[in-house]
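Next up, upload11.txt (compact mmCIF, C-alpha atoms):
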```txt
# COMPACT_ATOMS: atom_id res chain seq x y z
CA MET A 1 169.17 71.30 136.50
CA ALA A 2 172.21 69.18 135.68
CA ALA A 3 175.77 70.00 136.68
CA ASP A 4 176.28 71.80 133.39
CA GLY A 5 173.15 73.90 133.95
CA SER A 6 170.77 71.99 131.66
CA VAL A 7 167.34 70.79 132.79
CA LEU A 8 166.66 67.09 132.35
CA ILE A 9 163.40 65.17 132.81
CA PHE A 10 163.32 61.62 134.14
CA ASP A 11 160.40 59.38 134.95
CA ALA A 12 160.01 57.74 138.35
CA LYS A 13 161.34 54.37 137.22
CA GLN A 14 164.52 55.91 135.81
CA ARG A 15 164.95 57.95 139.00
CA ARG A 16 164.83 54.85 141.19
CA MET A 17 167.25 52.96 138.95
CA SER A 18 169.73 55.84 138.64
CA ALA A 19 170.72 56.12 142.28
CA PRO A 20 173.80 53.89 142.62
CA PHE A 21 175.26 56.55 144.89
CA ARG A 22 173.31 55.22 147.88
CA PRO A 23 175.37 52.14 148.85
CA PHE A 24 178.65 53.79 147.91
CA PHE A 25 178.04 56.97 149.88
CA LEU A 26 176.96 54.91 152.87
CA ILE A 27 180.03 52.65 152.90
CA ALA A 28 182.30 55.65 152.23
CA GLY A 29 180.86 57.47 155.23
CA LEU A 30 181.17 54.46 157.50
CA ASP A 31 184.67 53.72 156.24
CA ALA A 32 185.77 57.30 156.96
CA ILE A 33 184.61 56.84 160.55
CA VAL A 34 186.21 53.43 161.15
CA GLY A 35 189.49 54.12 159.33
CA PRO A 36 191.06 56.49 161.91
CA ALA A 37 190.60 53.84 164.63
CA VAL A 38 193.88 52.30 163.51
CA TRP A 39 196.12 55.35 163.14
CA LEU A 40 194.76 57.70 165.84
CA PRO A 41 196.30 55.64 168.71
CA SER A 42 199.76 56.30 167.24
CA THR A 43 199.35 60.02 168.00
CA PHE A 44 199.27 59.10 171.70
CA GLY A 45 202.54 57.19 171.43
CA ILE A 46 200.87 53.78 171.05
CA GLN A 47 202.79 51.90 168.40
CA ALA A 48 199.76 50.48 166.65
CA ILE A 49 199.99 48.82 163.27
CA GLY A 50 197.32 47.92 160.79
CA PRO A 51 195.85 44.42 160.67
CA THR A 52 198.06 43.57 157.69
CA GLY A 53 201.19 44.96 159.33
CA ILE A 54 201.36 48.41 157.71
CA SER A 55 202.24 51.50 159.68
CA PRO A 56 199.48 53.86 160.91
CA GLY A 57 200.72 56.58 158.56
CA ASP A 58 200.51 54.34 155.50
CA TRP A 59 197.19 53.03 156.74
CA HIS A 60 195.40 56.36 157.01
CA ARG A 61 196.85 57.53 153.69
CA ASP A 62 195.81 54.43 151.75
CA VAL A 63 192.41 54.13 153.45
CA LEU A 64 191.55 57.67 152.34
CA LEU A 65 193.11 57.82 148.89
CA PHE A 66 192.53 54.29 147.62
CA GLY A 67 189.49 53.21 149.66
CA MET A 68 187.11 56.01 150.57
CA VAL A 69 187.76 58.16 147.50
CA PRO A 70 187.02 55.39 144.93
CA ALA A 71 183.77 54.63 146.75
CA ILE A 72 182.62 58.26 146.50
CA LEU A 73 183.82 58.56 142.89
CA THR A 74 182.01 55.39 141.87
CA GLY A 75 178.74 56.45 143.48
CA PHE A 76 178.90 59.95 142.05
CA LEU A 77 179.98 59.11 138.50
CA LEU A 78 177.60 56.17 138.06
CA THR A 79 174.79 58.54 139.02
CA ALA A 80 175.94 61.66 137.14
CA LEU A 81 177.31 60.21 133.90
CA PRO A 82 173.93 59.07 132.52
CA ARG A 83 172.75 62.68 132.83
CA TRP A 84 175.93 64.13 131.36
CA THR A 85 176.00 61.73 128.41
CA GLY A 86 172.31 60.99 127.90
CA ARG A 87 172.95 57.22 128.14
CA ARG A 88 171.13 54.64 130.23
CA ALA A 89 171.90 54.25 133.91
CA VAL A 90 173.79 51.20 135.11
CA SER A 91 171.67 48.27 136.23
CA PRO A 92 171.09 47.51 139.92
CA LEU A 93 173.03 44.25 139.40
CA THR A 94 176.09 46.20 138.21
CA THR A 95 175.87 48.42 141.25
CA ARG A 96 175.68 45.42 143.58
CA LEU A 97 178.66 43.76 141.91
CA LEU A 98 180.74 46.93 142.27
CA VAL A 99 179.74 47.24 145.93
CA ALA A 100 180.77 43.61 146.44
CA LEU A 101 184.10 44.33 144.74
CA TRP A 102 184.73 47.29 147.04
CA LEU A 103 183.90 45.20 150.10
CA CYS A 104 186.23 42.43 148.91
CA SER A 105 188.94 45.02 148.40
CA ARG A 106 188.50 46.38 151.89
CA GLY A 107 188.39 42.90 153.43
CA THR A 108 191.57 41.89 151.62
CA PHE A 109 193.26 45.14 152.63
CA LEU A 110 192.25 44.62 156.27
CA PHE A 111 192.88 40.95 156.87
CA LEU A 112 194.97 39.40 154.10
CA SER A 113 197.35 41.62 152.17
CA HIS A 114 197.90 45.35 151.92
CA SER A 115 199.18 45.09 148.33
CA ALA A 116 196.44 42.72 147.21
CA GLY A 117 193.82 45.04 148.67
CA LEU A 118 195.27 47.99 146.75
CA ALA A 119 195.30 45.86 143.59
CA LEU A 120 191.58 45.12 144.01
CA TYR A 121 190.91 48.84 144.50
CA ALA A 122 192.74 49.43 141.22
CA PHE A 123 190.50 46.83 139.57
CA LEU A 124 187.44 48.68 140.91
CA VAL A 125 188.68 51.98 139.44
CA LEU A 126 189.50 50.23 136.14
CA THR A 127 185.98 48.81 136.02
CA LEU A 128 184.54 52.27 136.69
CA LEU A 129 186.78 53.64 133.93
CA LEU A 130 185.49 51.05 131.42
CA ILE A 131 181.86 51.75 132.33
CA ALA A 132 182.41 55.50 132.02
CA ALA A 133 184.35 55.10 128.76
CA GLY A 134 181.51 53.09 127.23
CA ARG A 135 179.02 55.87 127.88
CA VAL A 136 181.32 58.73 126.94
CA ILE A 137 182.45 57.11 123.68
CA ALA A 138 178.95 55.96 122.72
CA SER A 139 177.62 59.49 123.19
CA ARG A 140 180.66 61.05 121.45
CA ASP A 141 181.01 63.26 124.48
CA ARG A 142 184.42 64.87 124.09
CA ARG A 143 183.75 67.09 127.08
CA ASN A 144 184.13 64.13 129.46
CA LEU A 145 187.23 62.60 127.88
CA LYS A 146 189.34 64.40 130.47
CA ILE A 147 187.48 62.53 133.23
CA LEU A 148 188.48 59.25 131.57
CA PHE A 149 192.10 60.39 131.38
CA LEU A 150 192.18 61.32 135.07
CA LEU A 151 190.54 58.03 136.06
CA LEU A 152 193.23 56.23 134.07
CA ALA A 153 195.95 58.24 135.85
CA PHE A 154 194.40 57.46 139.23
CA CYS A 155 194.22 53.77 138.36
CA GLY A 156 197.89 53.87 137.31
CA GLY A 157 198.92 55.44 140.61
CA ASN A 158 196.91 52.80 142.44
CA ILE A 159 198.61 49.99 140.55
CA LEU A 160 202.09 51.39 141.20
CA ALA A 161 201.28 51.74 144.90
CA ALA A 162 200.02 48.15 145.01
CA ALA A 163 203.25 46.97 143.41
CA SER A 164 205.31 49.11 145.85
CA TYR A 165 207.07 50.60 142.84
CA GLN A 166 208.02 54.29 142.92
CA VAL A 167 205.59 54.76 145.79
CA GLU A 168 206.09 58.49 146.23
CA PHE A 169 205.58 59.05 142.51
CA ALA A 170 202.50 56.80 142.61
CA LEU A 171 200.99 58.76 145.49
CA ARG A 172 201.60 62.09 143.79
CA LEU A 173 200.06 60.75 140.57
CA ALA A 174 196.99 59.45 142.41
CA LEU A 175 196.49 62.64 144.43
CA ALA A 176 197.04 64.92 141.43
CA SER A 177 194.46 62.99 139.41
CA ILE A 178 191.89 63.27 142.21
CA VAL A 179 192.54 67.02 142.58
CA GLY A 180 192.01 67.30 138.83
CA LEU A 181 188.71 65.42 139.07
CA VAL A 182 187.58 67.63 141.94
CA MET A 183 188.33 70.73 139.84
CA ILE A 184 186.32 69.37 136.90
CA ILE A 185 183.37 68.18 138.96
CA GLY A 186 183.47 71.26 141.17
CA GLY A 187 183.53 73.50 138.11
CA ARG A 188 180.23 71.97 137.03
CA VAL A 189 178.44 71.45 140.31
CA VAL A 190 179.40 74.56 142.31
CA PRO A 191 178.19 77.32 139.94
CA ALA A 192 175.11 75.31 138.88
CA LEU A 193 174.07 74.71 142.48
CA THR A 194 174.73 78.35 143.37
CA VAL A 195 172.43 79.54 140.58
CA ALA A 196 169.77 76.97 141.50
CA TYR A 197 169.85 77.97 145.16
CA VAL A 198 169.63 81.72 144.56
CA GLU A 199 166.75 81.24 142.12
CA SER A 200 164.93 78.87 144.51
CA ALA A 201 165.13 81.61 147.14
CA GLY A 202 163.45 84.05 144.77
CA GLY A 203 166.61 85.89 143.76
CA ARG A 204 168.24 86.48 140.41
CA ILE A 205 171.82 85.68 139.56
CA SER A 206 173.96 85.58 136.45
CA VAL A 207 177.18 83.58 136.38
CA ASN A 208 179.23 84.99 133.52
CA ARG A 209 182.04 82.53 132.88
CA SER A 210 184.86 83.60 130.59
CA ALA A 211 185.80 80.75 128.26
CA VAL A 212 189.32 82.12 127.90
CA LEU A 213 189.78 82.26 131.67
CA GLU A 214 188.32 78.77 132.11
CA TYR A 215 190.69 77.22 129.57
CA ALA A 216 193.70 79.17 130.83
CA ALA A 217 193.06 78.25 134.47
CA ALA A 218 192.58 74.59 133.54
CA ALA A 219 195.74 74.48 131.42
CA ILE A 220 197.89 76.11 134.09
CA ALA A 221 196.52 73.84 136.83
CA ALA A 222 197.11 70.76 134.66
CA CYS A 223 200.70 71.84 134.02
CA ALA A 224 201.27 72.54 137.71
CA LEU A 225 199.93 69.14 138.78
CA GLY A 226 201.87 67.36 136.06
CA LEU A 227 205.11 69.09 137.02
CA TRP A 228 204.54 68.28 140.68
CA VAL A 229 204.12 64.60 139.84
CA VAL A 230 207.36 64.34 137.84
CA ALA A 231 209.50 67.08 139.43
CA PRO A 232 208.10 67.90 142.89
CA GLN A 233 210.97 70.15 143.98
CA ALA A 234 211.74 71.98 140.74
CA GLN A 235 211.55 75.77 140.83
CA LEU A 236 209.42 75.71 137.67
CA THR A 237 206.90 73.57 139.53
CA GLY A 238 206.71 76.17 142.29
CA VAL A 239 206.09 78.97 139.82
CA ALA A 240 203.44 76.90 138.03
CA CYS A 241 201.68 76.19 141.33
CA ALA A 242 201.65 79.90 142.19
CA LEU A 243 200.14 80.70 138.79
CA ALA A 244 197.63 77.88 139.23
CA ALA A 245 196.52 79.35 142.55
CA CYS A 246 195.95 82.71 140.87
CA GLY A 247 194.12 81.14 137.93
CA GLN A 248 191.82 79.07 140.12
CA THR A 249 191.09 82.10 142.30
CA MET A 250 189.93 84.09 139.26
CA ARG A 251 187.91 81.10 138.05
CA ALA A 252 186.12 80.62 141.38
CA ALA A 253 185.46 84.37 141.70
CA GLN A 254 183.13 84.14 138.69
CA TRP A 255 180.75 81.86 140.60
CA ASN A 256 179.46 84.49 143.05
CA GLY A 257 179.95 82.28 146.07
CA TRP A 258 178.88 85.00 148.49
CA ARG A 259 175.34 84.71 147.09
CA SER A 260 175.03 81.20 148.54
CA ALA A 261 176.10 82.05 152.09
CA ALA A 262 172.64 81.21 153.47
CA SER A 263 172.88 77.60 152.24
CA ALA A 264 175.33 75.48 154.24
CA THR A 265 175.76 72.95 151.42
CA ALA A 266 176.29 75.53 148.67
CA LEU A 267 178.69 77.51 150.86
CA ALA A 268 180.59 74.32 151.74
CA LEU A 269 181.08 73.62 148.03
CA HIS A 270 182.70 77.03 147.57
CA ILE A 271 184.87 76.52 150.67
CA GLY A 272 185.89 73.06 149.50
CA TYR A 273 186.93 74.41 146.12
CA GLY A 274 188.80 77.20 147.87
CA TRP A 275 191.02 74.61 149.55
CA ILE A 276 192.29 73.62 146.10
CA ILE A 277 193.54 77.18 145.69
CA VAL A 278 195.10 77.10 149.16
CA GLY A 279 196.80 73.80 148.32
CA PHE A 280 198.41 75.24 145.20
CA GLY A 281 199.55 78.29 147.15
CA LEU A 282 201.04 76.27 150.01
CA LEU A 283 202.79 73.96 147.57
CA ALA A 284 204.30 76.97 145.80
CA ILE A 285 205.59 78.30 149.14
CA HIS A 286 207.06 74.92 150.05
CA ILE A 287 208.90 74.57 146.75
CA LEU A 288 210.14 78.15 146.49
CA ALA A 289 210.91 78.56 150.22
CA PRO A 290 211.18 75.04 151.73
CA GLU A 291 212.55 76.37 155.01
CA TRP A 292 209.23 78.09 155.66
CA LEU A 293 206.80 75.25 155.12
CA GLY A 294 206.71 71.49 154.58
CA GLN A 295 204.92 69.73 151.74
CA ALA A 296 202.48 68.12 154.19
CA ALA A 297 200.61 71.43 154.54
CA ALA A 298 199.68 71.48 150.84
CA VAL A 299 198.88 67.77 150.77
CA HIS A 300 196.49 68.07 153.71
CA ALA A 301 194.88 71.21 152.28
CA TRP A 302 193.98 69.04 149.29
CA THR A 303 193.16 65.76 151.01
CA ILE A 304 191.25 67.10 154.02
CA GLY A 305 190.15 70.54 152.90
CA ALA A 306 189.32 70.00 149.22
CA ILE A 307 188.55 66.29 149.01
CA GLY A 308 186.97 65.99 152.46
CA THR A 309 184.80 69.10 152.24
CA MET A 310 183.81 68.63 148.61
CA ALA A 311 182.98 64.98 149.26
CA LEU A 312 180.62 65.87 152.10
CA ALA A 313 179.00 68.73 150.19
CA ILE A 314 178.57 66.90 146.88
CA MET A 315 177.23 63.78 148.58
CA ALA A 316 174.79 65.88 150.61
CA SER A 317 173.64 67.73 147.48
CA MET A 318 173.09 64.55 145.46
CA ILE A 319 171.28 62.75 148.29
CA ARG A 320 168.94 65.69 148.93
CA LYS A 321 168.17 66.14 145.25
CA HIS A 322 167.18 62.48 144.89
CA SER A 323 165.12 62.79 148.08
CA HIS A 324 163.26 65.79 146.64
CA ARG A 325 164.83 68.09 149.26
CA ALA A 326 167.39 69.94 147.17
CA PHE A 327 168.05 72.82 149.58
CA ALA A 328 166.90 71.42 152.89
CA SER A 329 169.11 72.25 155.86
CA SER A 330 169.85 70.40 159.06
CA ALA A 331 172.02 70.99 162.11
CA PRO A 332 173.97 67.70 161.74
CA THR A 333 174.89 68.50 158.12
CA THR A 334 176.00 72.01 158.97
CA GLY A 335 177.94 70.57 161.91
CA ALA A 336 179.65 68.13 159.56
CA PHE A 337 180.91 70.98 157.37
CA ILE A 338 182.13 72.94 160.40
CA ALA A 339 183.88 69.85 161.79
CA MET A 340 185.64 69.21 158.46
CA THR A 341 186.86 72.80 158.27
CA THR A 342 188.13 72.54 161.85
CA CYS A 343 189.80 69.25 160.95
CA CYS A 344 191.71 70.85 158.06
CA LEU A 345 192.71 73.99 159.95
CA SER A 346 193.95 71.93 162.90
CA ARG A 347 196.10 69.76 160.64
CA LEU A 348 197.60 72.78 158.88
CA LEU A 349 198.46 74.37 162.22
CA VAL A 350 200.60 71.32 162.99
CA GLU A 351 203.07 72.60 160.40
CA LEU A 352 203.12 76.09 161.94
CA LEU A 353 202.99 75.11 165.63
CA PRO A 354 205.01 71.88 165.90
CA ASP A 355 205.20 72.16 169.70
CA TYR A 356 201.45 71.54 169.80
CA GLY A 357 201.57 68.92 167.06
CA THR A 358 200.20 66.00 169.08
CA GLY A 359 197.17 67.85 170.37
CA LEU A 360 196.39 69.42 167.02
CA THR A 361 196.74 66.09 165.22
CA ASN A 362 194.40 64.44 167.72
CA LEU A 363 191.90 67.26 167.25
CA SER A 364 192.12 66.97 163.48
CA GLY A 365 191.54 63.21 163.54
CA ALA A 366 188.64 63.54 165.97
CA MET A 367 186.99 66.23 163.85
CA TRP A 368 187.30 64.02 160.75
CA VAL A 369 185.41 61.26 162.56
CA VAL A 370 182.83 63.75 163.86
CA ALA A 371 182.28 65.19 160.37
CA PHE A 372 181.53 61.86 158.74
CA GLY A 373 179.65 60.66 161.82
CA LEU A 374 177.29 63.63 161.52
CA PHE A 375 176.98 63.03 157.78
CA VAL A 376 175.95 59.39 158.25
CA THR A 377 173.59 60.37 161.08
CA SER A 378 171.94 63.03 158.92
CA PHE A 379 171.50 60.95 155.76
CA ARG A 380 171.33 57.33 156.91
CA ARG A 381 167.61 56.96 156.17
CA MET A 382 167.88 58.53 152.73
CA LEU A 383 170.80 56.25 151.86
CA ILE A 384 169.10 53.09 153.07
CA LEU A 385 165.61 53.88 151.75
CA ARG A 386 165.26 52.66 148.18
CA LYS A 387 162.26 54.52 146.88
CA THR A 388 162.14 58.30 146.67
CA LYS A 389 159.73 60.83 145.27
CA PRO A 390 160.44 61.56 141.61
CA ASP A 391 162.26 64.83 141.09
CA CYS A 392 162.36 66.23 137.57
CA ARG A 393 165.16 68.67 138.26
CA SER A 394 168.73 67.73 139.00
CA THR A 395 171.40 69.86 140.63
CA SER A 396 174.19 67.29 140.42
```
Please go through the file and, once you have read it, give me the structure as structure tokens.
Amino acid sequence: MAADGSVLIFDAKQRRMSAPFRPFFLIAGLDAIVGPAVWLPSTFGIQAIGPTGISPGDWHRDVLLFGMVPAILTGFLLTALPRWTGRRAVSPLTTRLLVALWLCSRGTFLFLSHSAGLALYAFLVLTLLLIAAGRVIASRDRRNLKILFLLLAFCGGNILAAASYQVEFALRLALASIVGLVMIIGGRVVPALTVAYVESAGGRISVNRSAVLEYAAAAIAACALGLWVVAPQAQLTGVACALAACGQTMRAAQWNGWRSAASATALALHIGYGWIIVGFGLLAIHILAPEWLGQAAAVHAWTIGAIGTMALAIMASMIRKHSHRAFASSAPTTGAFIAMTTCCLSRLLVELLPDYGTGLTNLSGAMWVVAFGLFVTSFRRMLILRKTKPDCRSTS
């Protein structure tokens, strides 16, 4: 079953060729573990700086947003788009070249130039955009045009950040585009996987999605994100974010998340999407009552809660499906989801309990490393192994 609920059949050769997620998910997981090594010492008062002279704060922000996220996006979209559009999968050579480009970007970022590294990341995203655009346009797939638009916005934010021009605007643009992509991808994967899981367990479930509610929730969220990018402190932005939180809550309620509670991966997808709602709500509180809450709470609800949790859950789902183990469970994977939730909650508590900020920040950073460490431990063989059993049904 594809992310939109359709059932697609692929032969074994196509299955082996259509798994470009493997190298990208592996390097993303490893990068998420190594990245905090630079900025975590600063929480103990050690004035560490990145290899290219950037501050720990800028380091951990850019490593996540412009390094790890593009790797996950590239792996996921190169694997999912052929199913969504009905076009051929990318060749193994293309996958290798993109992996090499990511590694060059990371090497440049680490050892040569922060700005040049960000520019190479932007080139990677632009290349992904062109590959995706070719398939979407060739298939006349209007449904995925919004993915192209958000990739373009993310690439633009990346370029502005690389040029050190309007950096705060660039970061908001990049983060808003990723949140938008998570909402689109989550809206396809989460309900489809929920239905597939309940049916695989012998149950029956019907996800009745209101088209009016879907379009309204999407429009309000798009307006809220757009207003936040251009006018982050405007009262209208705060109202729009509050409405977006309500709209996304009603949208997610249609998916019957409580029916998937017995599956750690399916439940993690619902929790990850829930952090998008929390992010909108916290941002509304910050804008409408800034003395109560800082913007960092909303940003971390999105970056750690939504992006971190959804990344782990979607990667786990795609890997298991290609390994013919769609709903297998394991203690390390469940532990990874628990660690990521703890990571996000700890970071949000920093805003509410500033006196314990150092300890909570350390705990949050440690749990991030633990989450991705458990993920890599759980799936390392599936990511390294090239051949898998053919699986005629897809849940991603």
| task | Give the answer as one residue: which of A:Pro191, A:Gly67, A:Gly75, A:Pro20 has the shortest atom-to-atom distance to Val34 in chain A, using all atoms listed in the file? | result |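 Closest candidate: A:Gly67.
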**Asked** What lies within 12 Å of range 228-238 of chain A using only C-alpha atoms, ignoring chain neighbours under 2 positions off, as a PyMOL selection string?
**Response** chain A and resi 153+157+166-177+220-226+240-245+279-290+294-295+298-299
Between CA of Ser139 in chain A and CA of Thr85 in chain A, what is the spacing in Å?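 Calculated distance between CA of Thr85 in chain A and CA of Ser139 in chain A is 5.9 Å.
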Q.
Can you pull out the residues contacting Arg259 in chain A? Cut-off 10 Å, using only C-alpha atoms, and skip same-chain residues under 5 positions away; I want them as a ChimeraX atom specification.
A. /A:194-195,197-198,203-205,266-267
Between CA of Val189 in chain A and CA of Leu73 in chain A lies a distance of 14.2 Å
Each range 173-232 of chain A residue no farther than 10 Å from range 251-255 of chain A, nearest pair in Å, only C-alpha atoms, as a Markdown table:
```
| residue | atom | partner | partner_atom | distance |
| --- | --- | --- | --- | --- |
| A:Gly186 | CA | A:Ala252 | CA | 9.7 |
| A:Gly187 | CA | A:Ala252 | CA | 8.3 |
| A:Val190 | CA | A:Trp255 | CA | 7.6 |
| A:Pro191 | CA | A:Trp255 | CA | 5.3 |
| A:Ala192 | CA | A:Trp255 | CA | 8.8 |
| A:Leu193 | CA | A:Trp255 | CA | 10.0 |
| A:Thr194 | CA | A:Trp255 | CA | 7.5 |
| A:Val195 | CA | A:Trp255 | CA | 8.6 |
| A:Ile205 | CA | A:Trp255 | CA | 9.8 |
| A:Ser206 | CA | A:Trp255 | CA | 8.8 |
| A:Val207 | CA | A:Trp255 | CA | 5.8 |
| A:Asn208 | CA | A:Gln254 | CA | 6.5 |
| A:Arg209 | CA | A:Gln254 | CA | 6.1 |
| A:Ser210 | CA | A:Gln254 | CA | 8.3 |
| A:Leu213 | CA | A:Arg251 | CA | 6.7 |
| A:Glu214 | CA | A:Arg251 | CA | 6.4 |
| A:Tyr215 | CA | A:Arg251 | CA | 9.7 |
| A:Ala216 | CA | A:Arg251 | CA | 9.5 |
| A:Ala217 | CA | A:Arg251 | CA | 6.9 |
| A:Ala218 | CA | A:Arg251 | CA | 9.2 |
```
Here CA of Pro36 in chain A and CA of Thr79 in chain A stand apart by 28.2 Å
Across A:Phe379, A:Phe149, A:Phe372, A:Trp59, the smallest distance to Ala28 in chain A, with all atoms listed in the file counted, is shown by A:Phe372
